[in-house]
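> Attaching a single structure in structure tokens format; questions to follow.
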Amino acid sequence: MRQGAFAILIAVLLTALLPGASTRTQPARTDLNLLIAIDCSYSVNSAEFQLQSVGIANALRSDEVFAAIQSGRFGRISIAVIQWSGPDTQEIVVPWTLVASRNDAFSIADQVEAAPRLTAEGVTAIGSAITFAIDYHAKAPFFADRQVIDMQADGTSTWSRGVPIRQARNRAVDNGLVVNGLPILNEIPYLHHYFRNHVIGGPGSFIEIAENYRAFETAIKRKLIREIRGMALSRRAHDASVT
């Protein structure tokens, strides 16, 4: 019996010393798990949808965003991208994907730019989109100290449809997530105030304003750099106050 137990112990120790044995059952570590949520509600026409997709793609291809990715402790992040509109309308465009090289970033950019509008047009259910993002964050195969939901929209949430927005935002914060926002002031000039009061939440959360869809690419690039680096880079950003 003692010899059998000793043999098992030796086998376990040898297995532990094999290359990669200690990491096979452990999730990869990243500096950030970032979910980008693209508004596809009624208020977004086909040209505006395309400006969002191209803007995100070009930002991910930029030298500045890749430098931000490399600047972290692990030098890698993970990204997922979804489209959303109504209460039950959320679609995954890019599943959780590790970004550790330029090729990784370009691959995600290509997928985002090439993806058609996958969701049915619907009301602006921001709370339901945040809820979907919370649940999808829980499925990420990577472990990160920072988990962020990047919400973008050109309108306020339809109050009578879907998960109440404050309920969703507060659930995200309670689960250790940060919700940042990119309000597009295409139709509602006060939308940034709405985002600050109702959408964003969590430590260091902020908004980045796009005055219109033509300004979206510049805004999303600035926002991604700040989210990835975890530091304030935009004078237009505002700290969160969960109420």
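Scheme for the structure tokens: letters A, B, ... for chains in order shown; per-chain residue numbers from 1; ligand numbers from 1 in order shown.
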Would you mind listing what lies within 8 Å of A:Ala129 as a ChimeraX atom specification, with only C-alpha atoms counted and same-chain residues fewer than 2 positions away left out?
/A:37,84-85,87,90,125-127,131-133
> Which residues in stretch 7-231 of chain A does DSSP call strand (DSSP E or B)? List them as number ranges by chain.
A: 28-30, 33-39, 77-84, 90-99, 142-144, 147-153, 178-184, 201, 207, 210
> Identify which of the residues A:Ser46, A:Asn197, A:Thr158, A:Thr119 lies closest to A:Asn170, counting only C-alpha atoms when measuring atom-to-atom distances.
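The shortest atom-to-atom distance to A:Asn170 comes from A:Asn197.
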> For A:Glu227, which residue out of A:Arg117, A:Arg146, A:Arg29, A:Arg166 is the nearest one, using only C-alpha atoms?
A:Arg146
> So which one's closest to A:Ile200, A:Arg169, A:Lys223, A:Arg214, A:Arg229? Using only C-alpha atoms, please.
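Looking at the shortest contact to A:Ile200, the residue is A:Arg169.
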> Measuring atom to atom with only C-alpha atoms, identify which of A:Leu35, A:Ala215, A:Ile225, A:Ala47 is nearest to A:Val148.
A:Leu35
> Can you measure atom CA of A:Gln50 to atom CA of A:Pro116 for me? One decimal in Å is fine.
8.9 Å
> Using only C-alpha atoms, pick whichever of A:Ile69, A:Leu185, A:Ala168, A:Ile130 has the shortest atom-to-atom distance to A:Ser43.
A:Leu185
> Would you give me, as a PyMOL selection string, the residues in stretch 149-234 of chain A that DSSP reads as helix (DSSP H, G or I)?
chain A and resi 165-174+191-199+213-229
> Have a look at A:Ser160, A:Ser128, A:Ser205, A:Ser107 and name the one nearest to A:Leu177; count only C-alpha atoms.
A:Ser205
> Name all residues at most 6 Å from stretch 51-55 of chain A (count only C-alpha atoms; drop same-chain ones fewer than 2 positions away) and give them as a list of chain:residue names.
A:Glu48, A:Phe49, A:Ala57, A:Asn58, A:Val112, A:Glu113, A:Glu217
> Write the residues you've just listed into a file as a compact mmCIF listing (two decimals), in the first residue's frame, and include C-alpha atoms for each of them.

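Below is the file selection.txt, written as the result:
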# COMPACT_ATOMS: atom_id res chain seq x y z
CA GLU A 48 -24.92 55.47 -38.36
CA PHE A 49 -24.54 51.77 -37.62
CA ALA A 57 -12.48 48.84 -36.09
CA ASN A 58 -10.19 51.76 -36.91
CA VAL A 112 -16.54 44.17 -36.28
CA GLU A 113 -16.27 46.05 -39.56
CA GLU A 217 -14.38 57.37 -34.32
